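Comments concern the structure below.
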Amino acid sequence: MRITTLFGNTLREAPAEARSAAHRLLVRGAFVRAIAPGQFACLPAGERSRARLAAFLTRRLPQAQPIGLPPGQHAPDSLLQAEIHTYRNLPLSLYTVHESAHPPRGLLRARHHRALHAWLINLDTQAAPFKSLLADLWHTCGLEVVDVEDTRDGRAWLFIHPQGEDRLRRCPACGYAATRRAARRAKTAAPAAAPAPLEAVHTPGTKTIADLAAFLGIPEAQTAKAVFLQGYTPEGTPRLVFAVLRGDMDLNVDKLARLSGLHDLQPADEAAIRA
């Protein structure tokens, strides 16, 4: 097919909302078009490129088997529990290509985007060859990625990009690296002190832990913060979660979701708390 017969017109100038060089070139070359805020359509050249990329990736995973997951389901946990009964079923490689929906953040993170997810359910002896296979894949693509710790005791390979959607946690001294969702750090010990007698304390105008610590004249590590969140069980039943943590610490919502088995954790409103 001649390029002149392809649906879509090339442009001399890219629209103002195309901020990155790659976005501008894709728009000018008639690969993609914005059809609504955070929503993009692939023109024939873009759709063919995306199909070729998906085919290239799946060819590089020769032992992986395709599966289809329903919308909103990003991991095959229930399938694995139902189908794997013995270690003789391992190792097992699966992959799926599906669309995800989330708040839009430009072309790299459009409201709806298609992603390839692959899983290796393996014996310990199979991990090294799989990592080597992925390293060859990134090298073939010309991508310099960072191997980091991720949730569910897994690994993630991140490509460093100034417009990336996430942040990497990395220690230059020991080499530890992890996604923001999975990062762990050493917890400093709170100052040792004998417990004071229990009493009610009026704390007017203290809306934050910092305000409270300053008002009482104590370190933030000697306070506790309460966080109410609401999430949903795999069956869609709403659940209220009450988390208590040290005042100088931040709650990792991803870890709480993993421990509680809930998804879509959000700050609970007053009505949910009072109920």
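Chain identifiers are assigned as A, B, and so on, following the order in which chains appear in the structure tokens; residues are numbered from 1 within each chain, and ligands are numbered from 1 in order of appearance.
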Note to self: At a cut-off of 9 Å, using only C-alpha atoms, what residues contact Ala14 (chain A)? Leave out same-chain residues fewer than 4 positions from it and give the result as a ChimeraX atom specification.
What the structure shows: /A:18,23-28
Save out the residues we just selected, C-alpha atoms, as a JSON list (two decimals), in the first residue's frame.
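In the end it all went to part18.json:
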[["chain", "number", "residue", "atom", "x", "y", "z"],
["A", 18, "ALA", "CA", 1.88, 17.81, 22.03],
["A", 23, "HIS", "CA", 4.38, 13.13, 20.57],
["A", 24, "ARG", "CA", 4.87, 15.93, 18.05],
["A", 25, "LEU", "CA", 6.42, 13.58, 15.48],
["A", 26, "LEU", "CA", 3.68, 10.98, 15.88],
["A", 27, "VAL", "CA", 1.00, 13.61, 15.35],
["A", 28, "ARG", "CA", 2.74, 15.25, 12.39]]
Can you list every residue in region 59-211 of chain A that DSSP puts in alpha helix (DSSP H), as a PDB file with N, CA and C atoms, in the first residue's frame?
ATOM      1  N   ARG A  59       7.018 -12.670  20.117  1.00  0.00           N
ATOM      2  CA  ARG A  59       8.001 -13.588  19.529  1.00  0.00           C
ATOM      3  C   ARG A  59       9.198 -13.777  20.443  1.00  0.00           C
ATOM      4  N   ASP A  77      -4.541 -14.122  39.057  1.00  0.00           N
ATOM      5  CA  ASP A  77      -4.464 -14.843  40.325  1.00  0.00           C
ATOM      6  C   ASP A  77      -5.501 -15.956  40.427  1.00  0.00           C
ATOM      7  N   SER A  78      -6.766 -15.640  40.140  1.00  0.00           N
ATOM      8  CA  SER A  78      -7.820 -16.643  40.286  1.00  0.00           C
ATOM      9  C   SER A  78      -7.621 -17.804  39.314  1.00  0.00           C
ATOM     10  N   LEU A  79      -7.141 -17.500  38.104  1.00  0.00           N
ATOM     11  CA  LEU A  79      -6.864 -18.566  37.140  1.00  0.00           C
ATOM     12  C   LEU A  79      -5.763 -19.497  37.648  1.00  0.00           C
ATOM     13  N   LEU A  80      -4.719 -18.911  38.200  1.00  0.00           N
ATOM     14  CA  LEU A  80      -3.605 -19.723  38.688  1.00  0.00           C
ATOM     15  C   LEU A  80      -4.041 -20.616  39.840  1.00  0.00           C
ATOM     16  N   GLN A  81      -4.840 -20.069  40.750  1.00  0.00           N
ATOM     17  CA  GLN A  81      -5.302 -20.861  41.888  1.00  0.00           C
ATOM     18  C   GLN A  81      -6.169 -22.028  41.432  1.00  0.00           C
ATOM     19  N   ALA A  82      -6.934 -21.815  40.369  1.00  0.00           N
ATOM     20  CA  ALA A  82      -7.848 -22.860  39.903  1.00  0.00           C
ATOM     21  C   ALA A  82      -7.156 -23.915  39.048  1.00  0.00           C
ATOM     22  N   GLU A  83      -6.101 -23.532  38.332  1.00  0.00           N
ATOM     23  CA  GLU A  83      -5.527 -24.428  37.329  1.00  0.00           C
ATOM     24  C   GLU A  83      -4.213 -25.088  37.735  1.00  0.00           C
ATOM     25  N   ALA A 127      14.353 -18.590  37.147  1.00  0.00           N
ATOM     26  CA  ALA A 127      14.334 -17.130  37.171  1.00  0.00           C
ATOM     27  C   ALA A 127      15.481 -16.529  36.365  1.00  0.00           C
ATOM     28  N   ALA A 128      16.687 -17.077  36.512  1.00  0.00           N
ATOM     29  CA  ALA A 128      17.855 -16.501  35.837  1.00  0.00           C
ATOM     30  C   ALA A 128      17.721 -16.520  34.319  1.00  0.00           C
ATOM     31  N   PRO A 129      17.323 -17.641  33.685  1.00  0.00           N
ATOM     32  CA  PRO A 129      17.154 -17.615  32.226  1.00  0.00           C
ATOM     33  C   PRO A 129      16.111 -16.605  31.764  1.00  0.00           C
ATOM     34  N   PHE A 130      15.048 -16.437  32.541  1.00  0.00           N
ATOM     35  CA  PHE A 130      14.008 -15.482  32.151  1.00  0.00           C
ATOM     36  C   PHE A 130      14.539 -14.052  32.219  1.00  0.00           C
ATOM     37  N   LYS A 131      15.310 -13.743  33.246  1.00  0.00           N
ATOM     38  CA  LYS A 131      15.907 -12.416  33.344  1.00  0.00           C
ATOM     39  C   LYS A 131      16.859 -12.167  32.184  1.00  0.00           C
ATOM     40  N   SER A 132      17.619 -13.194  31.809  1.00  0.00           N
ATOM     41  CA  SER A 132      18.535 -13.061  30.678  1.00  0.00           C
ATOM     42  C   SER A 132      17.768 -12.800  29.389  1.00  0.00           C
ATOM     43  N   LEU A 133      16.627 -13.481  29.226  1.00  0.00           N
ATOM     44  CA  LEU A 133      15.800 -13.278  28.034  1.00  0.00           C
ATOM     45  C   LEU A 133      15.301 -11.837  27.966  1.00  0.00           C
ATOM     46  N   LEU A 134      14.859 -11.312  29.111  1.00  0.00           N
ATOM     47  CA  LEU A 134      14.372  -9.933  29.132  1.00  0.00           C
ATOM     48  C   LEU A 134      15.501  -8.941  28.870  1.00  0.00           C
ATOM     49  N   ALA A 135      16.682  -9.217  29.415  1.00  0.00           N
ATOM     50  CA  ALA A 135      17.817  -8.328  29.168  1.00  0.00           C
ATOM     51  C   ALA A 135      18.142  -8.268  27.680  1.00  0.00           C
ATOM     52  N   ASP A 136      18.078  -9.416  26.998  1.00  0.00           N
ATOM     53  CA  ASP A 136      18.306  -9.434  25.549  1.00  0.00           C
ATOM     54  C   ASP A 136      17.223  -8.649  24.814  1.00  0.00           C
ATOM     55  N   LEU A 137      15.990  -8.740  25.316  1.00  0.00           N
ATOM     56  CA  LEU A 137      14.883  -8.017  24.691  1.00  0.00           C
ATOM     57  C   LEU A 137      15.100  -6.517  24.767  1.00  0.00           C
ATOM     58  N   TRP A 138      15.443  -6.019  25.956  1.00  0.00           N
ATOM     59  CA  TRP A 138      15.661  -4.569  26.096  1.00  0.00           C
ATOM     60  C   TRP A 138      16.835  -4.118  25.230  1.00  0.00           C
ATOM     61  N   HIS A 139      17.889  -4.942  25.170  1.00  0.00           N
ATOM     62  CA  HIS A 139      19.057  -4.583  24.358  1.00  0.00           C
ATOM     63  C   HIS A 139      18.683  -4.503  22.884  1.00  0.00           C
ATOM     64  N   THR A 140      17.872  -5.454  22.413  1.00  0.00           N
ATOM     65  CA  THR A 140      17.442  -5.444  21.014  1.00  0.00           C
ATOM     66  C   THR A 140      16.623  -4.198  20.704  1.00  0.00           C
ATOM     67  N   CYS A 141      15.815  -3.770  21.669  1.00  0.00           N
ATOM     68  CA  CYS A 141      14.989  -2.570  21.481  1.00  0.00           C
ATOM     69  C   CYS A 141      15.787  -1.285  21.649  1.00  0.00           C
ATOM     70  N   ILE A 209      -0.138  16.601  61.768  1.00  0.00           N
ATOM     71  CA  ILE A 209       0.742  15.997  62.764  1.00  0.00           C
ATOM     72  C   ILE A 209       1.828  16.985  63.182  1.00  0.00           C
ATOM     73  N   ALA A 210       2.336  17.764  62.229  1.00  0.00           N
ATOM     74  CA  ALA A 210       3.359  18.761  62.559  1.00  0.00           C
ATOM     75  C   ALA A 210       2.808  19.790  63.539  1.00  0.00           C
ATOM     76  N   ASP A 211       1.564  20.233  63.310  1.00  0.00           N
ATOM     77  CA  ASP A 211       0.935  21.181  64.237  1.00  0.00           C
ATOM     78  C   ASP A 211       0.786  20.566  65.622  1.00  0.00           C
TER      79      ASP A 211
END
Margin query: Here is a test: counting only C-alpha atoms, which residue of A:Ile273, A:Ala190, A:Met249, A:Ala268 is nearest to Pro219 (chain A)?
Written below: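 Once distances to Pro219 (chain A) are computed over only C-alpha atoms, the minimum belongs to A:Ala190.
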Check: Using only C-alpha atoms, which residue out of A:Arg50, A:Asp248, A:Val146, A:Arg239 lies closest to Thr223 (chain A)?
Finding: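 Smallest separation from Thr223 (chain A) among the options: A:Asp248.
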Next item on the list: Could you please determine the separation between CA of Tyr95 (chain A) and CA of Gly142 (chain A) in Å, to one decimal place?
Entry: 22.2 Å
Note to self: Run DSSP on the backbone and tell me which residues of region 10-256 of chain A come out as strand (DSSP E); list them as an NGL selection string.
What the structure shows: :A and (32-36 or 39-42 or 65-66 or 92-101 or 112-121 or 145-149 or 155-159 or 168-170 or 177-179 or 224-232 or 238-246)
Check: Leaving out region 64-69 of chain A and any residue of its chain fewer than 3 positions from it, which residues lie within 6 Å of it when counting only C-alpha atoms, given as a list in words?
Finding: Leu61, Ser93, Leu94, Tyr95 and Thr96 of chain A
Margin query: So, with only C-alpha atoms as the atoms that count, which of A:Val97, A:Leu240, A:Pro76, A:Glu17 lies closest to Trp119 (chain A)?
Written below: A:Pro76
Item checked: For Val244 (chain A), the nearest of the candidates A:Gln230, A:Lys225, A:Phe159, A:Leu120, counting only C-alpha atoms ->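 Among the listed residues, the smallest separation from Val244 (chain A) belongs to A:Lys225.
Nearest to Ser20 (chain A) of all the residues A:Pro172, A:Leu198, A:Gly261, A:His161 is A:His161, based on only C-alpha atoms.
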